[in-house]
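Below is model30.txt, which holds compact mmCIF, N, CA, C and O atoms.
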```
# COMPACT_ATOMS: atom_id res chain seq x y z
N MET H 1 1.50 8.21 5.49
CA MET H 1 0.80 7.50 4.44
C MET H 1 -0.70 7.64 4.68
O MET H 1 -1.16 7.61 5.82
N ASN H 2 -1.44 7.74 3.61
CA ASN H 2 -2.89 7.84 3.67
C ASN H 2 -3.52 6.77 2.79
O ASN H 2 -2.97 6.41 1.76
N ILE H 3 -4.68 6.30 3.20
CA ILE H 3 -5.48 5.39 2.40
C ILE H 3 -6.88 5.99 2.31
O ILE H 3 -7.51 6.23 3.34
N THR H 4 -7.35 6.26 1.09
CA THR H 4 -8.68 6.85 0.93
C THR H 4 -9.74 5.82 1.31
O THR H 4 -9.47 4.62 1.38
N ASP H 5 -10.95 6.30 1.54
CA ASP H 5 -12.05 5.40 1.90
C ASP H 5 -12.35 4.41 0.77
O ASP H 5 -12.65 3.24 1.03
N GLN H 6 -12.23 4.85 -0.48
CA GLN H 6 -12.48 3.96 -1.61
C GLN H 6 -11.42 2.86 -1.67
O GLN H 6 -11.73 1.70 -1.92
N ALA H 7 -10.17 3.23 -1.43
CA ALA H 7 -9.09 2.24 -1.42
C ALA H 7 -9.26 1.29 -0.24
O ALA H 7 -9.04 0.08 -0.38
N LYS H 8 -9.68 1.81 0.89
CA LYS H 8 -9.92 0.97 2.07
C LYS H 8 -10.94 -0.12 1.76
O LYS H 8 -10.72 -1.29 2.07
N THR H 9 -12.05 0.24 1.15
CA THR H 9 -13.09 -0.72 0.81
C THR H 9 -12.54 -1.79 -0.13
O THR H 9 -12.76 -2.98 0.06
N PHE H 10 -11.79 -1.37 -1.15
CA PHE H 10 -11.20 -2.31 -2.11
C PHE H 10 -10.23 -3.25 -1.41
O PHE H 10 -10.26 -4.47 -1.61
N ILE H 11 -9.36 -2.71 -0.56
CA ILE H 11 -8.36 -3.50 0.16
C ILE H 11 -9.03 -4.48 1.10
O ILE H 11 -8.65 -5.66 1.16
N GLU H 12 -10.04 -4.03 1.83
CA GLU H 12 -10.75 -4.92 2.76
C GLU H 12 -11.40 -6.09 2.03
O GLU H 12 -11.36 -7.22 2.50
N ASN H 13 -11.97 -5.83 0.86
CA ASN H 13 -12.57 -6.91 0.06
C ASN H 13 -11.50 -7.90 -0.41
O ASN H 13 -11.71 -9.11 -0.37
N MET H 14 -10.36 -7.38 -0.85
CA MET H 14 -9.27 -8.25 -1.29
C MET H 14 -8.71 -9.06 -0.12
O MET H 14 -8.40 -10.25 -0.27
N MET H 15 -8.59 -8.45 1.04
CA MET H 15 -8.10 -9.15 2.23
C MET H 15 -9.04 -10.29 2.62
O MET H 15 -8.59 -11.39 2.94
N LYS H 16 -10.34 -10.01 2.55
CA LYS H 16 -11.33 -11.02 2.90
C LYS H 16 -11.23 -12.21 1.95
O LYS H 16 -11.22 -13.36 2.38
N GLU H 17 -11.11 -11.93 0.65
CA GLU H 17 -10.99 -13.00 -0.34
C GLU H 17 -9.72 -13.82 -0.15
O GLU H 17 -9.71 -15.03 -0.34
N ALA H 18 -8.63 -13.14 0.23
CA ALA H 18 -7.33 -13.80 0.37
C ALA H 18 -7.13 -14.42 1.75
O ALA H 18 -6.18 -15.17 1.96
N GLY H 19 -7.98 -14.05 2.70
CA GLY H 19 -7.81 -14.56 4.06
C GLY H 19 -6.60 -13.97 4.76
O GLY H 19 -5.95 -14.63 5.57
N VAL H 20 -6.29 -12.72 4.44
CA VAL H 20 -5.12 -12.03 4.98
C VAL H 20 -5.59 -10.75 5.67
O VAL H 20 -6.56 -10.13 5.23
N SER H 21 -4.90 -10.36 6.73
CA SER H 21 -5.34 -9.17 7.47
C SER H 21 -4.37 -8.00 7.38
O SER H 21 -4.56 -6.99 8.05
N THR H 22 -3.33 -8.11 6.56
CA THR H 22 -2.32 -7.05 6.49
C THR H 22 -1.99 -6.70 5.04
O THR H 22 -1.79 -7.58 4.21
N LEU H 23 -1.89 -5.41 4.77
CA LEU H 23 -1.38 -4.91 3.51
C LEU H 23 0.09 -4.57 3.75
O LEU H 23 0.40 -3.78 4.64
N ARG H 24 0.98 -5.17 2.97
CA ARG H 24 2.41 -4.91 3.17
C ARG H 24 2.91 -3.98 2.08
O ARG H 24 2.70 -4.18 0.90
N PHE H 25 3.56 -2.91 2.54
CA PHE H 25 4.15 -1.91 1.67
C PHE H 25 5.65 -2.18 1.67
O PHE H 25 6.34 -1.86 2.62
N GLY H 26 6.13 -2.83 0.61
CA GLY H 26 7.51 -3.31 0.61
C GLY H 26 8.42 -2.57 -0.34
O GLY H 26 8.02 -1.66 -1.07
N TYR H 27 9.64 -3.00 -0.34
CA TYR H 27 10.72 -2.47 -1.17
C TYR H 27 10.98 -3.45 -2.30
O TYR H 27 11.13 -4.64 -2.07
N SER H 28 10.99 -2.97 -3.53
CA SER H 28 11.24 -3.88 -4.65
C SER H 28 12.43 -3.44 -5.50
O SER H 28 12.49 -3.71 -6.69
N GLY H 29 13.36 -2.74 -4.90
CA GLY H 29 14.55 -2.30 -5.60
C GLY H 29 14.59 -0.78 -5.71
O GLY H 29 13.71 -0.09 -5.23
N ALA H 30 15.62 -0.30 -6.36
CA ALA H 30 15.79 1.14 -6.51
C ALA H 30 15.72 1.51 -7.99
O ALA H 30 16.26 0.81 -8.84
N GLY H 31 15.04 2.61 -8.26
CA GLY H 31 14.94 3.13 -9.61
C GLY H 31 15.71 4.43 -9.72
O GLY H 31 16.45 4.81 -8.81
N CYS H 32 15.49 5.16 -10.79
CA CYS H 32 16.23 6.41 -11.00
C CYS H 32 15.87 7.49 -9.98
O CYS H 32 16.62 8.43 -9.79
N CYS H 33 14.73 7.34 -9.31
CA CYS H 33 14.29 8.35 -8.35
C CYS H 33 14.27 7.82 -6.91
O CYS H 33 13.64 8.39 -6.04
N GLY H 34 14.91 6.70 -6.69
CA GLY H 34 14.93 6.14 -5.34
C GLY H 34 14.23 4.80 -5.30
O GLY H 34 14.19 4.06 -6.29
N ALA H 35 13.68 4.49 -4.14
CA ALA H 35 13.08 3.18 -3.92
C ALA H 35 11.84 2.95 -4.79
O ALA H 35 11.08 3.87 -5.06
N SER H 36 11.67 1.70 -5.20
CA SER H 36 10.45 1.26 -5.87
C SER H 36 9.65 0.48 -4.84
O SER H 36 10.20 -0.30 -4.07
N TYR H 37 8.33 0.68 -4.85
CA TYR H 37 7.48 0.08 -3.84
C TYR H 37 6.73 -1.13 -4.40
O TYR H 37 6.48 -1.23 -5.58
N GLN H 38 6.36 -2.00 -3.47
CA GLN H 38 5.58 -3.19 -3.82
C GLN H 38 4.46 -3.31 -2.79
O GLN H 38 4.70 -3.23 -1.59
N LEU H 39 3.23 -3.48 -3.26
CA LEU H 39 2.09 -3.71 -2.37
C LEU H 39 1.71 -5.18 -2.46
O LEU H 39 1.62 -5.73 -3.55
N ALA H 40 1.48 -5.78 -1.30
CA ALA H 40 1.10 -7.19 -1.27
C ALA H 40 0.21 -7.45 -0.06
O ALA H 40 0.31 -6.76 0.96
N LEU H 41 -0.63 -8.43 -0.18
CA LEU H 41 -1.42 -8.90 0.94
C LEU H 41 -0.66 -10.05 1.55
O LEU H 41 -0.70 -11.18 1.05
N GLU H 42 0.12 -9.75 2.59
CA GLU H 42 0.95 -10.76 3.22
C GLU H 42 1.30 -10.36 4.64
O GLU H 42 1.14 -9.21 5.03
N LYS H 43 1.80 -11.33 5.38
CA LYS H 43 2.19 -11.09 6.76
C LYS H 43 3.38 -10.15 6.83
O LYS H 43 4.21 -10.12 5.91
N PRO H 44 3.48 -9.37 7.91
CA PRO H 44 4.64 -8.49 8.09
C PRO H 44 5.94 -9.28 8.18
O PRO H 44 5.96 -10.42 8.65
N GLN H 45 7.00 -8.69 7.71
CA GLN H 45 8.34 -9.25 7.84
C GLN H 45 8.95 -8.78 9.16
O GLN H 45 8.44 -7.84 9.79
N ALA H 46 10.04 -9.37 9.57
CA ALA H 46 10.65 -9.10 10.87
C ALA H 46 11.01 -7.62 11.07
O ALA H 46 10.86 -7.09 12.17
N ASP H 47 11.48 -6.94 10.03
CA ASP H 47 11.92 -5.54 10.16
C ASP H 47 10.86 -4.51 9.82
O ASP H 47 11.15 -3.33 9.75
N ASP H 48 9.63 -4.96 9.57
CA ASP H 48 8.55 -4.04 9.20
C ASP H 48 8.02 -3.27 10.41
O ASP H 48 8.06 -3.76 11.54
N THR H 49 7.50 -2.10 10.13
CA THR H 49 6.74 -1.34 11.11
C THR H 49 5.27 -1.58 10.79
O THR H 49 4.86 -1.42 9.65
N VAL H 50 4.51 -1.98 11.79
CA VAL H 50 3.09 -2.25 11.57
C VAL H 50 2.28 -1.13 12.20
O VAL H 50 2.50 -0.76 13.35
N THR H 51 1.37 -0.57 11.41
CA THR H 51 0.56 0.56 11.86
C THR H 51 -0.85 0.43 11.27
O THR H 51 -1.07 -0.33 10.34
N MET H 52 -1.78 1.18 11.81
CA MET H 52 -3.13 1.25 11.27
C MET H 52 -3.26 2.54 10.47
O MET H 52 -2.93 3.61 10.98
N VAL H 53 -3.74 2.42 9.24
CA VAL H 53 -3.99 3.57 8.38
C VAL H 53 -5.43 3.45 7.89
O VAL H 53 -5.76 2.51 7.18
N ASN H 54 -6.27 4.37 8.29
CA ASN H 54 -7.70 4.34 7.95
C ASN H 54 -8.30 2.96 8.26
O ASN H 54 -9.01 2.39 7.44
N GLU H 55 -7.97 2.45 9.42
CA GLU H 55 -8.48 1.16 9.92
C GLU H 55 -7.99 -0.05 9.13
O GLU H 55 -8.56 -1.13 9.24
N VAL H 56 -6.94 0.11 8.34
CA VAL H 56 -6.32 -0.99 7.61
C VAL H 56 -4.95 -1.24 8.25
O VAL H 56 -4.17 -0.30 8.42
N GLU H 57 -4.66 -2.51 8.59
CA GLU H 57 -3.35 -2.84 9.13
C GLU H 57 -2.34 -2.83 7.99
O GLU H 57 -2.50 -3.55 7.00
N VAL H 58 -1.31 -1.99 8.14
CA VAL H 58 -0.30 -1.83 7.10
C VAL H 58 1.07 -2.14 7.69
O VAL H 58 1.44 -1.58 8.73
N ALA H 59 1.80 -3.04 7.04
CA ALA H 59 3.18 -3.32 7.40
C ALA H 59 4.07 -2.57 6.42
O ALA H 59 3.88 -2.67 5.20
N ILE H 60 5.02 -1.81 6.93
CA ILE H 60 5.88 -0.99 6.07
C ILE H 60 7.32 -1.46 6.21
O ILE H 60 7.87 -1.46 7.31
N ASP H 61 7.89 -1.86 5.10
CA ASP H 61 9.28 -2.32 5.06
C ASP H 61 10.19 -1.21 5.61
O ASP H 61 10.04 -0.04 5.24
N SER H 62 11.14 -1.57 6.45
CA SER H 62 12.03 -0.59 7.07
C SER H 62 12.84 0.19 6.04
O SER H 62 13.22 1.33 6.29
N ARG H 63 13.06 -0.38 4.85
CA ARG H 63 13.85 0.31 3.82
C ARG H 63 13.10 1.46 3.16
O ARG H 63 13.72 2.31 2.52
N VAL H 64 11.77 1.50 3.31
CA VAL H 64 11.00 2.58 2.70
C VAL H 64 10.18 3.36 3.74
O VAL H 64 9.46 4.29 3.38
N ALA H 65 10.30 3.01 5.00
CA ALA H 65 9.47 3.61 6.04
C ALA H 65 9.58 5.13 6.08
O ALA H 65 8.58 5.82 6.27
N ASP H 66 10.76 5.67 5.86
CA ASP H 66 10.93 7.12 5.92
C ASP H 66 10.47 7.83 4.65
O ASP H 66 10.45 9.05 4.58
N GLN H 67 10.07 7.09 3.63
CA GLN H 67 9.68 7.68 2.35
C GLN H 67 8.19 7.65 2.07
O GLN H 67 7.74 8.18 1.06
N VAL H 68 7.39 7.03 2.93
CA VAL H 68 5.98 6.84 2.62
C VAL H 68 5.04 7.83 3.31
O VAL H 68 3.84 7.81 3.05
N SER H 69 5.55 8.69 4.14
CA SER H 69 4.67 9.56 4.93
C SER H 69 3.77 10.46 4.08
O SER H 69 2.64 10.72 4.46
N GLY H 70 4.21 10.91 2.93
CA GLY H 70 3.41 11.80 2.10
C GLY H 70 2.63 11.10 1.00
O GLY H 70 2.01 11.76 0.16
N LEU H 71 2.63 9.78 0.99
CA LEU H 71 1.96 9.04 -0.08
C LEU H 71 0.49 8.78 0.23
O LEU H 71 0.11 8.63 1.39
N THR H 72 -0.32 8.72 -0.82
CA THR H 72 -1.74 8.40 -0.69
C THR H 72 -2.07 7.24 -1.60
O THR H 72 -1.76 7.26 -2.80
N LEU H 73 -2.70 6.23 -1.03
CA LEU H 73 -3.16 5.07 -1.78
C LEU H 73 -4.64 5.27 -2.05
O LEU H 73 -5.42 5.50 -1.13
N ASP H 74 -5.02 5.24 -3.32
CA ASP H 74 -6.40 5.49 -3.72
C ASP H 74 -6.87 4.38 -4.65
O ASP H 74 -6.08 3.61 -5.18
N PHE H 75 -8.17 4.31 -4.85
CA PHE H 75 -8.79 3.35 -5.76
C PHE H 75 -9.30 4.13 -6.96
O PHE H 75 -9.93 5.17 -6.82
N VAL H 76 -9.01 3.61 -8.15
CA VAL H 76 -9.51 4.23 -9.38
C VAL H 76 -10.20 3.18 -10.23
O VAL H 76 -9.82 2.01 -10.23
N GLN H 77 -11.21 3.63 -10.93
CA GLN H 77 -11.89 2.76 -11.88
C GLN H 77 -12.17 3.59 -13.13
O GLN H 77 -12.77 4.66 -13.05
N ASP H 78 -11.67 3.10 -14.26
CA ASP H 78 -11.88 3.79 -15.53
C ASP H 78 -12.05 2.76 -16.64
O ASP H 78 -12.21 1.57 -16.37
N GLU H 79 -11.99 3.21 -17.88
CA GLU H 79 -12.21 2.30 -19.00
C GLU H 79 -11.14 1.21 -19.11
O GLU H 79 -11.35 0.19 -19.75
N GLN H 80 -10.00 1.40 -18.45
CA GLN H 80 -8.93 0.41 -18.49
C GLN H 80 -9.06 -0.64 -17.38
O GLN H 80 -8.34 -1.62 -17.35
N GLY H 81 -9.95 -0.39 -16.44
CA GLY H 81 -10.14 -1.33 -15.34
C GLY H 81 -10.18 -0.63 -14.00
O GLY H 81 -10.40 0.57 -13.92
N ALA H 82 -9.96 -1.41 -12.95
CA ALA H 82 -10.01 -0.88 -11.59
C ALA H 82 -8.80 -1.36 -10.81
O ALA H 82 -8.29 -2.46 -11.04
N GLY H 83 -8.34 -0.52 -9.90
CA GLY H 83 -7.21 -0.91 -9.06
C GLY H 83 -6.74 0.22 -8.19
O GLY H 83 -7.36 1.30 -8.12
N LEU H 84 -5.64 -0.02 -7.52
CA LEU H 84 -5.06 0.95 -6.61
C LEU H 84 -4.06 1.83 -7.34
O LEU H 84 -3.36 1.38 -8.24
N THR H 85 -3.97 3.06 -6.90
CA THR H 85 -2.99 3.99 -7.44
C THR H 85 -2.30 4.69 -6.27
O THR H 85 -2.91 4.93 -5.23
N LEU H 86 -1.05 5.01 -6.46
CA LEU H 86 -0.24 5.65 -5.42
C LEU H 86 0.14 7.04 -5.91
O LEU H 86 0.66 7.19 -7.02
N SER H 87 -0.10 8.04 -5.09
CA SER H 87 0.26 9.41 -5.48
C SER H 87 1.02 10.08 -4.34
O SER H 87 0.97 9.64 -3.20
N GLY H 88 1.69 11.16 -4.69
CA GLY H 88 2.40 11.95 -3.70
C GLY H 88 3.88 11.67 -3.64
O GLY H 88 4.61 12.30 -2.89
N GLY H 89 4.37 10.74 -4.44
CA GLY H 89 5.80 10.43 -4.46
C GLY H 89 6.52 11.28 -5.47
O GLY H 89 5.97 12.18 -6.09
N SER H 90 7.77 10.97 -5.66
CA SER H 90 8.61 11.68 -6.60
C SER H 90 8.17 11.39 -8.03
O SER H 90 7.86 10.25 -8.38
N ASN H 91 8.13 12.42 -8.86
CA ASN H 91 7.79 12.26 -10.28
C ASN H 91 8.98 12.58 -11.16
O ASN H 91 8.82 13.06 -12.27
N CYS H 92 10.19 12.31 -10.68
CA CYS H 92 11.39 12.74 -11.41
C CYS H 92 11.68 11.93 -12.65
O CYS H 92 12.50 12.34 -13.45
N CYS H 93 11.08 10.77 -12.84
CA CYS H 93 11.42 9.95 -14.02
C CYS H 93 10.47 10.24 -15.16
O CYS H 93 9.39 9.91 -15.25
```
Hey, can you dump this file as structure tokens for me?
Amino acid sequence: MNITDQAKTFIENMMKEAGVSTLRFGYSGAGCCGASYQLALEKPQADDTVTMVNEVEVAIDSRVADQVSGLTLDFVQDEQGAGLTLSGGSNCC
């Protein structure tokens, strides 16, 4: 998993506002192409793997840990607003 510098800055600001030090990459069910992911600013769960990605503490749910290695979390800002985007996963749907 990768986190761009722009996403890192955005995440760090959100963590500071929320008073949380971990970004959790969780499992939110299965879709037509496999697992669906959920990002949250929350403490790691018991079965999570905790790692540092671009100096951001990331907890990864054990159900998706083997699927996130090629993903990149980036920050985008356009006419629709600003937020995080995830790329590098399956585009089968």
Nearest-residue call for Gly83 (chain H), choices H:Met52, H:Ala65, H:Met1, H:Ala7, using only N, CA, C and O atoms:
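Looking at the shortest contact to Gly83 (chain H), the residue is H:Ala7.
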Residues near region 44-51 of chain H, cut-off 7 Å, all atoms listed in the file, skip fewer than 4 positions along chain, as a ChimeraX atom specification:
/H:22-24,56-63
Find the residue from H:Asn54, H:Gln38, H:Ser87, H:Gln67 that sits nearest to Ile3 (chain H); use only N, CA, C and O atoms when measuring.
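With only N, CA, C and O atoms as the atom set, the closest residue is H:Asn54.
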Computed gap from CA of Leu86 (chain H) to CA of Thr9 (chain H) is 15.6 Å
From a DSSP calculation on the backbone, collect every residue of chain H in alpha helix (DSSP H) and output the set as an mmCIF file with N, CA, C and O atoms, in the coordinates of the input.
```
data_model
loop_
_atom_site.group_PDB
_atom_site.id
_atom_site.type_symbol
_atom_site.label_atom_id
_atom_site.label_comp_id
_atom_site.auth_asym_id
_atom_site.auth_seq_id
_atom_site.Cartn_x
_atom_site.Cartn_y
_atom_site.Cartn_z
ATOM 1 N N ASP H 5 -10.950 6.300 1.540
ATOM 2 C CA ASP H 5 -12.050 5.400 1.900
ATOM 3 C C ASP H 5 -12.350 4.410 0.770
ATOM 4 O O ASP H 5 -12.650 3.240 1.030
ATOM 5 N N GLN H 6 -12.230 4.850 -0.480
ATOM 6 C CA GLN H 6 -12.480 3.960 -1.610
ATOM 7 C C GLN H 6 -11.420 2.860 -1.670
ATOM 8 O O GLN H 6 -11.730 1.700 -1.920
ATOM 9 N N ALA H 7 -10.170 3.230 -1.430
ATOM 10 C CA ALA H 7 -9.090 2.240 -1.420
ATOM 11 C C ALA H 7 -9.260 1.290 -0.240
ATOM 12 O O ALA H 7 -9.040 0.080 -0.380
ATOM 13 N N LYS H 8 -9.680 1.810 0.890
ATOM 14 C CA LYS H 8 -9.920 0.970 2.070
ATOM 15 C C LYS H 8 -10.940 -0.120 1.760
ATOM 16 O O LYS H 8 -10.720 -1.290 2.070
ATOM 17 N N THR H 9 -12.050 0.240 1.150
ATOM 18 C CA THR H 9 -13.090 -0.720 0.810
ATOM 19 C C THR H 9 -12.540 -1.790 -0.130
ATOM 20 O O THR H 9 -12.760 -2.980 0.060
ATOM 21 N N PHE H 10 -11.790 -1.370 -1.150
ATOM 22 C CA PHE H 10 -11.200 -2.310 -2.110
ATOM 23 C C PHE H 10 -10.230 -3.250 -1.410
ATOM 24 O O PHE H 10 -10.260 -4.470 -1.610
ATOM 25 N N ILE H 11 -9.360 -2.710 -0.560
ATOM 26 C CA ILE H 11 -8.360 -3.500 0.160
ATOM 27 C C ILE H 11 -9.030 -4.480 1.100
ATOM 28 O O ILE H 11 -8.650 -5.660 1.160
ATOM 29 N N GLU H 12 -10.040 -4.030 1.830
ATOM 30 C CA GLU H 12 -10.750 -4.920 2.760
ATOM 31 C C GLU H 12 -11.400 -6.090 2.030
ATOM 32 O O GLU H 12 -11.360 -7.220 2.500
ATOM 33 N N ASN H 13 -11.970 -5.830 0.860
ATOM 34 C CA ASN H 13 -12.570 -6.910 0.060
ATOM 35 C C ASN H 13 -11.500 -7.900 -0.410
ATOM 36 O O ASN H 13 -11.710 -9.110 -0.370
ATOM 37 N N MET H 14 -10.360 -7.380 -0.850
ATOM 38 C CA MET H 14 -9.270 -8.250 -1.290
ATOM 39 C C MET H 14 -8.710 -9.060 -0.120
ATOM 40 O O MET H 14 -8.400 -10.250 -0.270
ATOM 41 N N MET H 15 -8.590 -8.450 1.040
ATOM 42 C CA MET H 15 -8.100 -9.150 2.230
ATOM 43 C C MET H 15 -9.040 -10.290 2.620
ATOM 44 O O MET H 15 -8.590 -11.390 2.940
ATOM 45 N N LYS H 16 -10.340 -10.010 2.550
ATOM 46 C CA LYS H 16 -11.330 -11.020 2.900
ATOM 47 C C LYS H 16 -11.230 -12.210 1.950
ATOM 48 O O LYS H 16 -11.220 -13.360 2.380
ATOM 49 N N GLU H 17 -11.110 -11.930 0.650
ATOM 50 C CA GLU H 17 -10.990 -13.000 -0.340
ATOM 51 C C GLU H 17 -9.720 -13.820 -0.150
ATOM 52 O O GLU H 17 -9.710 -15.030 -0.340
ATOM 53 N N ALA H 18 -8.630 -13.140 0.230
ATOM 54 C CA ALA H 18 -7.330 -13.800 0.370
ATOM 55 C C ALA H 18 -7.130 -14.420 1.750
ATOM 56 O O ALA H 18 -6.180 -15.170 1.960
#
```
Point-to-point distance from CA of Thr4 (chain H) to atom O of Asp78 (chain H), Å rounded to tenths:
18.4 Å
Please run DSSP on the backbone and report, as an MDAnalysis selection string, all residues within chain H that come out as strand (DSSP E or B).
chainID H and resid 2:3 23:31 34:41 49:53 56:60 72:78 81:87
Using atom N of Lys8 (chain H) and CA of Ser21 (chain H) as the two end points, give the distance in Å to one decimal.
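Calculated distance between atom N of Lys8 (chain H) and CA of Ser21 (chain H) is 13.5 Å.
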Between H:Phe75, H:Val64, H:Glu12, H:Ala82, which residue has the minimum interatomic distance to Tyr37 (chain H), considering only C-alpha atoms?
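Closest residue, counting only C-alpha atoms: H:Val64.
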Draw an axis-aligned box tight on the listed atoms of region 38-44 of chain H, then pad every side by 8 Å and write out centre and edge lengths in Å to one decimal as JSON.
```
{"center_x": 2.5, "center_y": -6.7, "center_z": 2.4, "size_x": 23.8, "size_y": 25.3, "size_z": 28.5}
```
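The smallest atom-to-atom distance between Ile11 (chain H) and any of H:Leu73, H:Ser36, H:Tyr27, H:Gly81, using only C-alpha atoms, is found for H:Leu73.
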In terms of the shortest atom-to-atom distance over only C-alpha atoms, which of H:Gly26, H:Gln80, H:Ala40, H:Thr72 is closest to Met14 (chain H)?
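Comparing H:Gly26, H:Gln80, H:Ala40, H:Thr72 against Met14 (chain H), the winner is H:Ala40.
Distances here use only N, CA, C and O atoms; by that measure, the residue among H:Met15, H:Leu39, H:Val53, H:Val68 closest to Gly88 (chain H) is H:Val68.
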Kindly reconstruct region 4-11 of chain H with all heavy atoms and present the result as a short mmCIF file (atom, residue, chain, number, x, y, z; two decimals), keeping the file's coordinate frame.
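Result written to rebuild35.cif:
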```cif
data_model
loop_
_atom_site.label_atom_id
_atom_site.label_comp_id
_atom_site.auth_asym_id
_atom_site.auth_seq_id
_atom_site.Cartn_x
_atom_site.Cartn_y
_atom_site.Cartn_z
N THR H 4 -7.35 6.26 1.09
CA THR H 4 -8.68 6.85 0.93
C THR H 4 -9.74 5.82 1.31
O THR H 4 -9.47 4.62 1.38
CB THR H 4 -8.92 7.30 -0.52
OG1 THR H 4 -8.95 6.15 -1.37
CG2 THR H 4 -7.87 8.30 -0.99
N ASP H 5 -10.95 6.30 1.54
CA ASP H 5 -12.05 5.40 1.90
C ASP H 5 -12.35 4.41 0.77
O ASP H 5 -12.65 3.24 1.03
CB ASP H 5 -13.31 6.20 2.24
CG ASP H 5 -13.18 6.96 3.56
OD1 ASP H 5 -12.33 6.58 4.39
OD2 ASP H 5 -13.94 7.93 3.75
N GLN H 6 -12.23 4.85 -0.48
CA GLN H 6 -12.48 3.96 -1.61
C GLN H 6 -11.42 2.86 -1.67
O GLN H 6 -11.73 1.70 -1.92
CB GLN H 6 -12.49 4.75 -2.94
CG GLN H 6 -13.64 5.72 -3.06
CD GLN H 6 -13.35 7.07 -2.38
OE1 GLN H 6 -12.28 7.32 -1.84
NE2 GLN H 6 -14.34 7.94 -2.42
N ALA H 7 -10.17 3.23 -1.43
CA ALA H 7 -9.09 2.24 -1.42
C ALA H 7 -9.26 1.29 -0.24
O ALA H 7 -9.04 0.08 -0.38
CB ALA H 7 -7.73 2.93 -1.34
N LYS H 8 -9.68 1.81 0.89
CA LYS H 8 -9.92 0.97 2.07
C LYS H 8 -10.94 -0.12 1.76
O LYS H 8 -10.72 -1.29 2.07
CB LYS H 8 -10.40 1.83 3.24
CG LYS H 8 -10.82 1.04 4.45
CD LYS H 8 -11.46 1.95 5.49
CE LYS H 8 -12.08 1.10 6.58
NZ LYS H 8 -12.88 1.85 7.50
N THR H 9 -12.05 0.24 1.15
CA THR H 9 -13.09 -0.72 0.81
C THR H 9 -12.54 -1.79 -0.13
O THR H 9 -12.76 -2.98 0.06
CB THR H 9 -14.29 -0.01 0.17
OG1 THR H 9 -14.82 0.93 1.11
CG2 THR H 9 -15.37 -1.00 -0.24
N PHE H 10 -11.79 -1.37 -1.15
CA PHE H 10 -11.20 -2.31 -2.11
C PHE H 10 -10.23 -3.25 -1.41
O PHE H 10 -10.26 -4.47 -1.61
CB PHE H 10 -10.49 -1.52 -3.22
CG PHE H 10 -9.84 -2.39 -4.25
CD1 PHE H 10 -10.59 -3.00 -5.24
CD2 PHE H 10 -8.46 -2.57 -4.25
CE1 PHE H 10 -9.98 -3.78 -6.21
CE2 PHE H 10 -7.85 -3.36 -5.21
CZ PHE H 10 -8.61 -3.97 -6.19
N ILE H 11 -9.36 -2.71 -0.56
CA ILE H 11 -8.36 -3.50 0.16
C ILE H 11 -9.03 -4.48 1.10
O ILE H 11 -8.65 -5.66 1.16
CB ILE H 11 -7.38 -2.58 0.92
CG1 ILE H 11 -6.53 -1.78 -0.06
CG2 ILE H 11 -6.51 -3.39 1.88
CD1 ILE H 11 -5.80 -0.60 0.56
#
```
